[in-house]
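Shown next: work_33.pdb, containing PDB, C-alpha atoms.
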ATOM      1  CA  VAL A 273      16.448  79.712-140.216
ATOM      2  CA  LEU A 274      16.177  79.739-144.028
ATOM      3  CA  VAL A 275      19.627  78.192-144.458
ATOM      4  CA  GLU A 276      18.814  75.495-141.912
ATOM      5  CA  ALA A 277      15.493  74.735-143.594
ATOM      6  CA  ALA A 278      17.169  74.434-146.996
ATOM      7  CA  SER A 279      19.737  72.040-145.568
ATOM      8  CA  ALA A 280      17.040  69.862-144.028
ATOM      9  CA  ALA A 281      15.144  69.806-147.326
ATOM     10  CA  GLY A 282      18.241  68.934-149.329
ATOM     11  CA  ILE A 283      18.324  72.208-151.258
ATOM     12  CA  ARG A 284      21.515  74.008-152.212
ATOM     13  CA  LEU A 285      20.665  77.615-151.577
ATOM     14  CA  THR A 286      21.635  80.794-153.391
ATOM     15  CA  LEU A 287      20.670  83.931-151.471
ATOM     16  CA  LEU A 288      20.233  86.834-153.890
ATOM     17  CA  ASP A 289      20.218  89.895-151.666
ATOM     18  CA  THR A 290      18.071  92.433-153.486
ATOM     19  CA  CYS A 291      18.622  96.178-153.560
ATOM     20  CA  TYR A 292      15.207  97.893-153.475
ATOM     21  CA  LEU A 293      15.296 101.632-152.891
ATOM     22  CA  ALA A 294      12.424 103.300-154.773
ATOM     23  CA  GLY A 295       8.687 102.777-155.094
ATOM     24  CA  GLY A 296       8.668 103.014-158.875
ATOM     25  CA  LEU A 297       9.671 105.208-161.780
ATOM     26  CA  GLY A 298       7.669 107.928-163.472
ATOM     27  CA  PRO A 299       8.299 110.666-166.039
ATOM     28  CA  ASN A 300       9.686 112.921-163.313
ATOM     29  CA  GLY A 301      11.904 110.408-161.578
ATOM     30  CA  HIS A 302      11.821 107.720-158.934
ATOM     31  CA  LEU A 303       8.880 107.515-156.562
ATOM     32  CA  PRO A 304       9.028 107.195-152.764
ATOM     33  CA  LEU A 305       8.458 103.821-151.183
ATOM     34  CA  ASP A 306       4.950 103.104-149.983
ATOM     35  CA  PRO A 307       4.398 101.633-146.490
ATOM     36  CA  VAL A 308       4.406  98.042-147.769
ATOM     37  CA  GLN A 309       7.546  98.503-149.851
ATOM     38  CA  LYS A 310       9.537 100.026-147.001
ATOM     39  CA  ARG A 311      10.078  96.618-145.409
ATOM     40  CA  PHE A 312      12.077  95.586-148.499
ATOM     41  CA  SER A 313      14.416  98.566-148.415
ATOM     42  CA  ASP A 314      17.681  99.487-146.721
ATOM     43  CA  GLY A 315      17.062 103.206-147.249
ATOM     44  CA  ASP A 316      20.017 103.833-149.541
ATOM     45  CA  ALA A 317      22.628 101.954-151.561
ATOM     46  CA  ALA A 318      25.279 102.302-148.855
ATOM     47  CA  GLY A 319      22.946 100.747-146.302
ATOM     48  CA  TRP A 320      22.200  97.869-148.653
ATOM     49  CA  ARG A 321      25.901  97.262-149.261
ATOM     50  CA  ARG A 322      26.687  97.165-145.542
ATOM     51  CA  ARG A 323      24.037  94.530-144.929
ATOM     52  CA  PHE A 324      24.985  92.608-148.075
ATOM     53  CA  THR A 325      28.629  92.464-146.926
ATOM     54  CA  LEU A 326      27.593  91.046-143.563
ATOM     55  CA  LEU A 327      25.470  88.380-145.246
ATOM     56  CA  ALA A 328      28.217  87.406-147.704
ATOM     57  CA  ASP A 329      30.901  87.312-145.012
ATOM     58  CA  ARG A 330      28.768  85.029-142.888
ATOM     59  CA  PHE A 331      27.605  82.486-145.449
ATOM     60  CA  ASP A 332      29.865  82.746-148.514
ATOM     61  CA  PRO A 333      32.986  84.769-147.731
ATOM     62  CA  THR A 334      35.329  83.706-150.534
ATOM     63  CA  PRO A 335      32.948  83.372-152.512
ATOM     64  CA  SER A 336      33.493  79.718-151.832
ATOM     65  CA  ARG A 337      33.359  76.801-154.192
ATOM     66  CA  THR A 338      32.398  74.353-151.489
ATOM     67  CA  GLY A 339      29.469  74.117-149.123
ATOM     68  CA  ALA A 340      25.762  74.429-149.852
ATOM     69  CA  VAL A 341      25.185  78.191-149.767
ATOM     70  CA  ARG A 342      26.031  80.915-152.267
ATOM     71  CA  VAL A 343      25.408  84.623-151.818
ATOM     72  CA  GLY A 344      24.711  86.848-154.799
ATOM     73  CA  ALA A 345      23.101  90.213-155.397
ATOM     74  CA  ALA A 346      20.118  91.562-157.271
ATOM     75  CA  ILE A 347      19.090  94.932-158.604
ATOM     76  CA  HIS A 348      15.348  94.654-158.295
ATOM     77  CA  SER A 349      14.789  96.691-161.462
ATOM     78  CA  VAL A 350      15.541 100.076-162.981
ATOM     79  CA  ARG A 351      12.249 101.121-161.382
ATOM     80  CA  ALA A 352      13.416 100.343-157.850
ATOM     81  CA  VAL A 353      17.097 101.340-158.084
ATOM     82  CA  ALA A 354      18.198 104.682-159.543
ATOM     83  CA  ALA A 355      20.971 104.735-162.132
ATOM     84  CA  THR A 356      23.270 106.520-159.689
ATOM     85  CA  ASP A 357      22.944 103.625-157.222
ATOM     86  CA  ILE A 358      23.372 100.746-159.663
ATOM     87  CA  PRO A 359      27.227 100.853-159.683
ATOM     88  CA  THR A 360      27.247 100.240-155.917
ATOM     89  CA  VAL A 361      25.425  96.943-156.421
ATOM     90  CA  VAL A 362      27.614  95.966-159.360
ATOM     91  CA  ALA A 363      30.780  96.551-157.337
ATOM     92  CA  ALA A 364      29.492  94.582-154.352
ATOM     93  CA  ALA A 365      28.499  91.667-156.583
ATOM     94  CA  GLU A 366      31.887  91.265-158.240
ATOM     95  CA  GLY A 367      32.664  87.553-158.589
ATOM     96  CA  ARG A 368      29.132  86.613-157.559
ATOM     97  CA  PRO A 369      25.814  86.071-159.362
ATOM     98  CA  LEU A 370      23.939  89.285-160.168
ATOM     99  CA  HIS A 371      20.264  89.255-161.164
ATOM    100  CA  VAL A 372      17.882  92.001-162.307
ATOM    101  CA  HIS A 373      14.232  92.125-163.369
ATOM    102  CA  LEU A 374      14.210  93.460-166.912
ATOM    103  CA  SER A 375      11.440  94.788-169.163
ATOM    104  CA  GLU A 376       8.708  92.595-167.733
ATOM    105  CA  GLN A 377       6.027  95.068-168.825
ATOM    106  CA  PRO A 378       5.828  97.832-171.469
ATOM    107  CA  SER A 379       5.138 100.396-168.748
ATOM    108  CA  GLU A 380       8.640  99.853-167.326
ATOM    109  CA  ASN A 381      10.169 100.549-170.720
ATOM    110  CA  ALA A 382       8.073 103.673-171.216
ATOM    111  CA  ALA A 383       8.962 105.095-167.794
ATOM    112  CA  CYS A 384      12.684 104.411-168.264
ATOM    113  CA  GLN A 385      12.687 105.904-171.751
ATOM    114  CA  SER A 386      10.812 108.986-170.532
ATOM    115  CA  TYR A 387      13.109 109.720-167.585
ATOM    116  CA  TYR A 388      16.486 108.340-168.666
ATOM    117  CA  GLY A 389      16.116 108.532-172.443
ATOM    118  CA  ALA A 390      17.102 104.861-172.762
ATOM    119  CA  THR A 391      15.603 101.410-172.559
ATOM    120  CA  PRO A 392      16.174  99.490-169.315
ATOM    121  CA  THR A 393      18.658  97.223-171.109
ATOM    122  CA  ALA A 394      20.634 100.190-172.455
ATOM    123  CA  LEU A 395      20.670 101.776-169.002
ATOM    124  CA  LEU A 396      21.991  98.579-167.443
ATOM    125  CA  HIS A 397      24.609  98.351-170.186
ATOM    126  CA  VAL A 398      26.067 101.806-169.550
ATOM    127  CA  SER A 399      25.943 101.109-165.799
ATOM    128  CA  GLY A 400      28.179  98.047-166.167
ATOM    129  CA  VAL A 401      25.544  95.465-165.243
ATOM    130  CA  LEU A 402      25.529  93.207-168.295
ATOM    131  CA  GLY A 403      27.965  90.314-168.537
ATOM    132  CA  PRO A 404      28.455  86.551-168.045
ATOM    133  CA  SER A 405      27.773  86.706-164.280
ATOM    134  CA  THR A 406      24.496  88.572-164.756
ATOM    135  CA  THR A 407      21.033  87.135-165.331
ATOM    136  CA  ALA A 408      18.200  89.243-166.720
ATOM    137  CA  VAL A 409      14.884  87.946-165.389
ATOM    138  CA  HIS A 410      11.840  88.118-167.714
ATOM    139  CA  ALA A 411      13.340  90.095-170.650
ATOM    140  CA  THR A 412       9.905  90.122-172.230
ATOM    141  CA  HIS A 413       9.647  93.435-174.086
ATOM    142  CA  LEU A 414      12.940  94.107-175.856
ATOM    143  CA  THR A 415      14.096  96.120-178.844
ATOM    144  CA  ASP A 416      16.474  94.746-181.464
ATOM    145  CA  ASP A 417      19.303  96.700-179.831
ATOM    146  CA  ASP A 418      18.370  95.281-176.412
ATOM    147  CA  ILE A 419      18.611  91.728-177.742
ATOM    148  CA  SER A 420      22.001  92.479-179.268
ATOM    149  CA  LEU A 421      23.343  93.996-176.032
ATOM    150  CA  LEU A 422      22.230  91.026-173.964
ATOM    151  CA  GLY A 423      23.569  88.490-176.441
ATOM    152  CA  THR A 424      26.948  90.043-177.188
ATOM    153  CA  SER A 425      27.607  90.536-173.457
ATOM    154  CA  SER A 426      26.785  86.843-172.774
ATOM    155  CA  THR A 427      24.196  87.911-170.215
ATOM    156  CA  ALA A 428      21.987  84.991-169.184
ATOM    157  CA  VAL A 429      18.220  85.333-169.394
ATOM    158  CA  CYS A 430      15.842  83.670-166.938
ATOM    159  CA  PHE A 431      12.523  83.124-168.669
ATOM    160  CA  CYS A 432       9.415  82.815-166.496
ATOM    161  CA  PRO A 433       6.755  81.808-169.041
ATOM    162  CA  THR A 434       4.019  80.656-166.667
ATOM    163  CA  THR A 435       4.401  83.890-164.702
ATOM    164  CA  GLU A 436       4.155  85.982-167.865
ATOM    165  CA  ARG A 437       1.015  84.194-169.022
ATOM    166  CA  ASP A 438      -0.586  84.374-165.566
ATOM    167  CA  LEU A 439       0.030  88.131-165.335
ATOM    168  CA  ALA A 440      -0.682  88.731-169.042
ATOM    169  CA  ASP A 441       2.777  90.255-169.429
ATOM    170  CA  GLY A 442       3.462  88.870-172.902
ATOM    171  CA  ILE A 443       5.792  86.493-174.711
ATOM    172  CA  GLY A 444       9.504  87.257-174.762
ATOM    173  CA  PRO A 445      11.861  86.817-177.742
ATOM    174  CA  ALA A 446      13.464  83.611-176.476
ATOM    175  CA  ARG A 447      14.675  82.233-179.803
ATOM    176  CA  ARG A 448      16.187  85.549-180.833
ATOM    177  CA  LEU A 449      17.996  85.901-177.504
ATOM    178  CA  LEU A 450      19.472  82.421-177.833
ATOM    179  CA  ASP A 451      20.607  83.197-181.362
ATOM    180  CA  ALA A 452      22.191  86.447-180.157
ATOM    181  CA  GLY A 453      24.310  84.608-177.562
ATOM    182  CA  SER A 454      22.351  84.711-174.293
ATOM    183  CA  ARG A 455      22.251  81.566-172.150
ATOM    184  CA  PRO A 456      18.675  80.545-171.325
ATOM    185  CA  CYS A 457      17.533  79.396-167.915
ATOM    186  CA  LEU A 458      14.104  78.974-166.379
ATOM    187  CA  GLY A 459      12.367  80.110-163.224
ATOM    188  CA  THR A 460       9.220  81.568-161.761
ATOM    189  CA  ASP A 461       8.346  84.913-160.207
ATOM    190  CA  GLN A 462       5.338  83.695-158.267
ATOM    191  CA  HIS A 463       4.068  80.714-156.261
ATOM    192  CA  ALA A 464       0.931  79.951-158.281
ATOM    193  CA  LEU A 465       2.801  77.169-160.083
ATOM    194  CA  THR A 466       6.141  75.581-159.212
ATOM    195  CA  ASP A 467       7.043  73.134-161.963
ATOM    196  CA  LEU A 468      10.234  73.662-163.944
ATOM    197  CA  LEU A 469       9.250  71.034-166.500
ATOM    198  CA  GLU A 470       6.152  73.081-167.258
ATOM    199  CA  GLU A 471       8.298  76.214-167.555
ATOM    200  CA  ALA A 472      10.481  74.473-170.142
ATOM    201  CA  ARG A 473       7.485  73.242-172.097
ATOM    202  CA  ALA A 474       5.839  76.657-171.929
ATOM    203  CA  LEU A 475       8.942  78.342-173.333
ATOM    204  CA  GLU A 476       8.693  76.269-176.514
ATOM    205  CA  MET A 477       4.889  76.508-176.694
ATOM    206  CA  ASP A 478       4.957  80.292-176.373
ATOM    207  CA  GLU A 479       7.521  80.454-179.169
ATOM    208  CA  ARG A 480       5.185  78.389-181.341
ATOM    209  CA  LEU A 481       2.246  80.676-180.607
ATOM    210  CA  ALA A 482       4.228  83.814-181.326
ATOM    211  CA  SER A 483       5.933  82.559-184.500
ATOM    212  CA  GLY A 484       3.465  80.128-186.009
ATOM    213  CA  GLU A 485       6.316  77.594-186.245
ATOM    214  CA  ARG A 486       7.023  74.349-184.402
ATOM    215  CA  GLY A 487      10.326  73.195-182.949
ATOM    216  CA  ARG A 488      11.636  76.679-182.218
ATOM    217  CA  ILE A 489      13.839  75.578-179.319
ATOM    218  CA  GLU A 490      15.607  72.228-179.423
ATOM    219  CA  LEU A 491      14.772  69.789-176.640
ATOM    220  CA  SER A 492      18.446  69.629-175.702
ATOM    221  CA  GLN A 493      18.427  73.420-175.237
ATOM    222  CA  LEU A 494      15.412  73.151-172.941
ATOM    223  CA  VAL A 495      17.253  70.535-170.857
ATOM    224  CA  GLU A 496      20.312  72.792-170.662
ATOM    225  CA  ALA A 497      18.083  75.666-169.528
ATOM    226  CA  LEU A 498      16.713  73.404-166.781
ATOM    227  CA  THR A 499      20.134  72.188-165.670
ATOM    228  CA  VAL A 500      23.588  73.577-166.418
ATOM    229  CA  HIS A 501      22.571  77.102-167.428
ATOM    230  CA  GLY A 502      20.217  77.415-164.482
ATOM    231  CA  GLN A 503      22.870  76.261-162.024
ATOM    232  CA  ARG A 504      25.462  78.674-163.415
ATOM    233  CA  SER A 505      22.979  81.535-163.231
ATOM    234  CA  ILE A 506      22.846  81.171-159.449
ATOM    235  CA  GLY A 507      26.537  80.554-158.910
ATOM    236  CA  TRP A 508      26.922  76.764-159.069
ATOM    237  CA  VAL A 509      29.415  76.427-161.895
ATOM    238  CA  ASP A 510      30.217  72.823-160.973
ATOM    239  CA  ALA A 511      26.641  71.553-161.155
ATOM    240  CA  GLY A 512      23.950  70.753-163.688
ATOM    241  CA  GLU A 513      25.800  68.305-165.929
ATOM    242  CA  LEU A 514      27.153  64.769-165.841
ATOM    243  CA  ARG A 515      30.937  64.940-165.968
ATOM    244  CA  VAL A 516      33.957  64.025-163.868
ATOM    245  CA  GLY A 517      34.346  66.510-161.041
ATOM    246  CA  ALA A 518      30.798  67.849-161.166
ATOM    247  CA  ARG A 519      28.445  67.645-158.220
ATOM    248  CA  ALA A 520      26.477  64.411-157.903
ATOM    249  CA  ASP A 521      23.040  65.779-158.738
ATOM    250  CA  LEU A 522      20.509  63.489-160.399
ATOM    251  CA  VAL A 523      16.778  63.671-161.086
ATOM    252  CA  ALA A 524      14.896  60.526-162.181
ATOM    253  CA  VAL A 525      11.534  60.897-163.907
ATOM    254  CA  ARG A 526       9.000  58.047-164.138
ATOM    255  CA  MET A 527       8.433  56.810-167.673
ATOM    256  CA  ASP A 528       5.227  54.921-166.842
ATOM    257  CA  SER A 529       2.933  57.658-165.555
ATOM    258  CA  PRO A 530      -0.285  58.660-167.388
ATOM    259  CA  ARG A 531       1.678  61.599-168.804
ATOM    260  CA  THR A 532       4.942  59.932-169.780
ATOM    261  CA  ALA A 533       3.847  56.429-170.861
ATOM    262  CA  GLY A 534       4.912  55.912-174.465
ATOM    263  CA  SER A 535       7.278  58.875-174.489
ATOM    264  CA  LEU A 536      10.822  58.561-175.735
ATOM    265  CA  VAL A 537      13.470  59.672-173.249
ATOM    266  CA  SER A 538      14.157  62.658-175.475
ATOM    267  CA  GLN A 539      10.477  63.653-175.273
ATOM    268  CA  VAL A 540      10.116  63.617-171.498
ATOM    269  CA  VAL A 541      10.685  67.364-171.145
ATOM    270  CA  MET A 542       7.541  67.848-173.262
ATOM    271  CA  SER A 543       5.366  65.278-171.495
ATOM    272  CA  ALA A 544       6.389  65.035-167.833
ATOM    273  CA  SER A 545       5.432  67.240-164.908
ATOM    274  CA  ALA A 546       6.811  67.711-161.420
ATOM    275  CA  ALA A 547       4.435  64.961-160.280
ATOM    276  CA  ASP A 548       6.462  62.468-162.334
ATOM    277  CA  VAL A 549       9.740  63.064-160.477
ATOM    278  CA  ASP A 550      10.581  59.757-158.794
ATOM    279  CA  ALA A 551      14.023  60.376-157.286
ATOM    280  CA  VAL A 552      16.271  63.337-156.544
ATOM    281  CA  ILE A 553      19.903  63.166-155.466
ATOM    282  CA  VAL A 554      21.668  66.358-154.360
ATOM    283  CA  ASP A 555      25.421  66.273-153.770
ATOM    284  CA  GLY A 556      25.190  62.491-153.490
ATOM    285  CA  ARG A 557      22.406  62.619-150.897
ATOM    286  CA  THR A 558      19.039  61.076-151.754
ATOM    287  CA  VAL A 559      16.316  63.573-150.859
ATOM    288  CA  VAL A 560      13.435  62.086-152.880
ATOM    289  CA  GLU A 561      12.876  58.366-153.358
ATOM    290  CA  GLY A 562       9.817  56.728-154.868
ATOM    291  CA  GLY A 563       8.304  60.169-155.254
ATOM    292  CA  ARG A 564       8.458  60.819-151.511
ATOM    293  CA  HIS A 565      10.651  63.455-149.879
ATOM    294  CA  VAL A 566      12.821  62.558-146.886
ATOM    295  CA  LEU A 567      10.862  65.045-144.778
ATOM    296  CA  GLY A 568       7.594  63.247-145.495
ATOM    297  CA  ASN A 569       4.410  64.452-147.161
ATOM    298  CA  VAL A 570       5.520  67.803-148.600
ATOM    299  CA  GLY A 571       1.990  68.817-149.568
ATOM    300  CA  GLY A 572       0.711  68.179-146.082
ATOM    301  CA  LEU A 573       3.646  69.992-144.498
ATOM    302  CA  LEU A 574       3.069  73.024-146.716
ATOM    303  CA  GLN A 575      -0.660  72.996-146.021
ATOM    304  CA  SER A 576      -0.142  72.940-142.254
ATOM    305  CA  SER A 577       2.331  75.827-142.518
ATOM    306  CA  ILE A 578       0.406  78.024-144.958
ATOM    307  CA  GLU A 579      -3.182  77.530-143.803
ATOM    308  CA  PRO A 580      -2.776  79.456-140.508
ATOM    309  CA  LEU A 581      -1.581  82.507-142.464
ATOM    310  CA  TRP A 582      -5.028  82.868-144.057
ATOM    311  CA  ARG A 583      -6.832  83.024-140.726
TER     312      ARG A 583
END
Once you've parsed the file, please lay out its structure as structure tokens.
Amino acid sequence: VLVEAASAAGIRLTLLDTCYLAGGLGPNGHLPLDPVQKRFSDGDAAGWRRRFTLLADRFDPTPSRTGAVRVGAAIHSVRAVAATDIPTVVAAAEGRPLHVHLSEQPSENAACQSYYGATPTALLHVSGVLGPSTTAVHATHLTDDDISLLGTSSTAVCFCPTTERDLADGIGPARRLLDAGSRPCLGTDQHALTDLLEEARALEMDERLASGERGRIELSQLVEALTVHGQRSIGWVDAGELRVGARADLVAVRMDSPRTAGSLVSQVVMSASAADVDAVIVDGRTVVEGGRHVLGNVGGLLQSSIEPLWR
């Protein structure tokens, strides 16, 4: 159903099948799953791998370089997957995107240090997780050594700045990670706000607040985080840039809205919002034209689907 819905909406879909085996991590080890968490779990790493293999074989068996679906894997976090189980996920994800929540909050670092005697980044490093196919999500509270490990391994980092500010998680060391060699991309870990242009703007604004300096991240780097680096993070190595042989993906932003009027093209990433997107083309197919999606009024469709859930 999800794959069919994505196709109808004109979305290329990457399914990141997440391994989630424990209810948390404390000084004495991993905690049992609570009743709510149990619905996310396969019981053990072997069970997860069996189901992951079925999913990959069905939707992305090669893994392919055609079609509109990719299948990757995710280690939820070092809190939810024990160190002994991490290699199972790494092996299953070979040749595919691999994501992991990393150091979103100080409490995660403290628990990992107490039980494993290492930071979450160091634990992932010795477990073989870090590398060019891996994306660390959040990466908010890092040591100098953590930043070096992520950068020298060419691990991508998915920053979620509006999520961090909403949850009061903190400001991550984005500029230092870029300088160390990590590829930046942008995302969200909640549904309170879905606006990638705001995520890009927030990344630079947070850097300014933390450093007291302006222009910490070049506008071209923010655009790359929104496009080519983001696409590669989820397995679409032939998307996100304008070149011969790349997928025909285009997004047109209005330059005459109350937000963008007077902006230079180079400034749009700092002035526009999702409301200013006028046209979207995915794989040569127009899915948004004149600000309207091919399926109709997206806001109304979402409202009619979500409202009954609150009753």
Give me the residues of range 394-461 of chain A that have any atom at most 10 Å from an atom of range 346-366 of chain A; for each, the nearest atom pair and the distance in Å, rounded to one decimal. Use all atoms listed in the file, sort by chain and number, and format it as JSON lines.
{"residue": "A:Leu395", "atom": "CA", "partner": "A:Ala355", "partner_atom": "CA", "distance": 7.5}
{"residue": "A:Leu396", "atom": "CA", "partner": "A:Val350", "partner_atom": "CA", "distance": 8.0}
{"residue": "A:Val398", "atom": "CA", "partner": "A:Ala355", "partner_atom": "CA", "distance": 9.5}
{"residue": "A:Ser399", "atom": "CA", "partner": "A:Pro359", "partner_atom": "CA", "distance": 6.3}
{"residue": "A:Gly400", "atom": "CA", "partner": "A:Pro359", "partner_atom": "CA", "distance": 7.1}
{"residue": "A:Val401", "atom": "CA", "partner": "A:Val362", "partner_atom": "CA", "distance": 6.3}
{"residue": "A:Leu402", "atom": "CA", "partner": "A:Val362", "partner_atom": "CA", "distance": 9.6}
{"residue": "A:Ser405", "atom": "CA", "partner": "A:Glu366", "partner_atom": "CA", "distance": 8.6}
{"residue": "A:Thr406", "atom": "CA", "partner": "A:Ala346", "partner_atom": "CA", "distance": 9.2}
{"residue": "A:Thr407", "atom": "CA", "partner": "A:Ala346", "partner_atom": "CA", "distance": 9.2}
{"residue": "A:Ala408", "atom": "CA", "partner": "A:Ser349", "partner_atom": "CA", "distance": 9.7}
{"residue": "A:Val409", "atom": "CA", "partner": "A:Ser349", "partner_atom": "CA", "distance": 9.6}
Applied to the shown file, which residues does the PyMOL selection byres ((chain A and resi 455-462) around 10) return, written as a PyMOL selection string? chain A and resi 373+404+407-410+422-423+426-436+438-439+446-447+449-454+463-472+475+493-505
Let me see the file: selected residues, C-alpha atoms, as a compact mmCIF listing (two decimals), in the coordinates of the input.
# COMPACT_ATOMS: atom_id res chain seq x y z
CA HIS A 373 14.23 92.12 -163.37
CA PRO A 404 28.46 86.55 -168.04
CA THR A 407 21.03 87.14 -165.33
CA ALA A 408 18.20 89.24 -166.72
CA VAL A 409 14.88 87.95 -165.39
CA HIS A 410 11.84 88.12 -167.71
CA LEU A 422 22.23 91.03 -173.96
CA GLY A 423 23.57 88.49 -176.44
CA SER A 426 26.78 86.84 -172.77
CA THR A 427 24.20 87.91 -170.22
CA ALA A 428 21.99 84.99 -169.18
CA VAL A 429 18.22 85.33 -169.39
CA CYS A 430 15.84 83.67 -166.94
CA PHE A 431 12.52 83.12 -168.67
CA CYS A 432 9.41 82.82 -166.50
CA PRO A 433 6.76 81.81 -169.04
CA THR A 434 4.02 80.66 -166.67
CA THR A 435 4.40 83.89 -164.70
CA GLU A 436 4.16 85.98 -167.86
CA ASP A 438 -0.59 84.37 -165.57
CA LEU A 439 0.03 88.13 -165.34
CA ALA A 446 13.46 83.61 -176.48
CA ARG A 447 14.68 82.23 -179.80
CA LEU A 449 18.00 85.90 -177.50
CA LEU A 450 19.47 82.42 -177.83
CA ASP A 451 20.61 83.20 -181.36
CA ALA A 452 22.19 86.45 -180.16
CA GLY A 453 24.31 84.61 -177.56
CA SER A 454 22.35 84.71 -174.29
CA HIS A 463 4.07 80.71 -156.26
CA ALA A 464 0.93 79.95 -158.28
CA LEU A 465 2.80 77.17 -160.08
CA THR A 466 6.14 75.58 -159.21
CA ASP A 467 7.04 73.13 -161.96
CA LEU A 468 10.23 73.66 -163.94
CA LEU A 469 9.25 71.03 -166.50
CA GLU A 470 6.15 73.08 -167.26
CA GLU A 471 8.30 76.21 -167.56
CA ALA A 472 10.48 74.47 -170.14
CA LEU A 475 8.94 78.34 -173.33
CA GLN A 493 18.43 73.42 -175.24
CA LEU A 494 15.41 73.15 -172.94
CA VAL A 495 17.25 70.54 -170.86
CA GLU A 496 20.31 72.79 -170.66
CA ALA A 497 18.08 75.67 -169.53
CA LEU A 498 16.71 73.40 -166.78
CA THR A 499 20.13 72.19 -165.67
CA VAL A 500 23.59 73.58 -166.42
CA HIS A 501 22.57 77.10 -167.43
CA GLY A 502 20.22 77.42 -164.48
CA GLN A 503 22.87 76.26 -162.02
CA ARG A 504 25.46 78.67 -163.42
CA SER A 505 22.98 81.54 -163.23
At a cut-off of 7 Å, using only C-alpha atoms, what residues contact range 554-569 of chain A? Leave out same-chain residues fewer than 2 positions from it and give the result as a VMD selection string. chain A and resid 281 to 282 519 to 522 549 to 552 571 to 573
Interatomic distance (Å, one decimal) between CA of Thr532 in chain A and CA of Ile489 in chain A: 20.4 Å
What's the separation between CA of Leu285 in chain A and CA of Ala518 in chain A, in Å to one decimal place? 17.0 Å
As JSON, please report the centre and edge lengths, rounded to one decimal in Å, of the axis-aligned box that holds all listed atoms of range 318-337 of chain A with 5 Å of padding on each of the six sides.
{"center_x": 28.8, "center_y": 89.6, "center_z": -148.5, "size_x": 23.1, "size_y": 35.5, "size_z": 21.3}
Run the PyMOL selection byres ((chain A and resi 297) around 8) against the file shown and list the residues it catches, as an mmCIF file with C-alpha atoms, keeping the file's coordinate frame.
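What ended up in part31.cif:
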data_model
loop_
_atom_site.group_PDB
_atom_site.id
_atom_site.type_symbol
_atom_site.label_atom_id
_atom_site.label_comp_id
_atom_site.auth_asym_id
_atom_site.auth_seq_id
_atom_site.Cartn_x
_atom_site.Cartn_y
_atom_site.Cartn_z
ATOM 1 C CA ALA A 294 12.424 103.300 -154.773
ATOM 2 C CA GLY A 295 8.687 102.777 -155.094
ATOM 3 C CA GLY A 296 8.668 103.014 -158.875
ATOM 4 C CA GLY A 298 7.669 107.928 -163.472
ATOM 5 C CA PRO A 299 8.299 110.666 -166.039
ATOM 6 C CA ASN A 300 9.686 112.921 -163.313
ATOM 7 C CA GLY A 301 11.904 110.408 -161.578
ATOM 8 C CA HIS A 302 11.821 107.720 -158.934
ATOM 9 C CA LEU A 303 8.880 107.515 -156.562
ATOM 10 C CA VAL A 350 15.541 100.076 -162.981
ATOM 11 C CA ARG A 351 12.249 101.121 -161.382
ATOM 12 C CA ALA A 352 13.416 100.343 -157.850
ATOM 13 C CA GLU A 380 8.640 99.853 -167.326
ATOM 14 C CA ALA A 383 8.962 105.095 -167.794
ATOM 15 C CA CYS A 384 12.684 104.411 -168.264
#
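A straight line drawn from CA of Thr290 in chain A to CA of Ser313 in chain A is 8.8 Å long.
The residue that comes closest to Glu376 in chain A, out of A:Ile553, A:Val275, A:Val343, A:Ile443 and on the basis of only C-alpha atoms, is A:Ile443.
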In terms of the shortest atom-to-atom distance over only C-alpha atoms, which of A:Met477, A:Leu288, A:Met527, A:Leu491 is closest to Arg368 in chain A? A:Leu288
Taking all atoms listed in the file into account, which of A:Ala440, A:Val341, A:Ala544, A:Leu374 comes nearest Pro392 in chain A? A:Leu374
Selection result of the PyMOL selection byres ((chain A and resi 529-531) around 9) on this file, as a ChimeraX atom specification: /A:526-528,532-535,543-545,548
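Residue neighbourhood of Ala394 in chain A, excluding near-sequence residues (fewer than 4 positions): Ala390, Val398, Asp418 and Leu421 of chain A, at 8 Å, using only C-alpha atoms.
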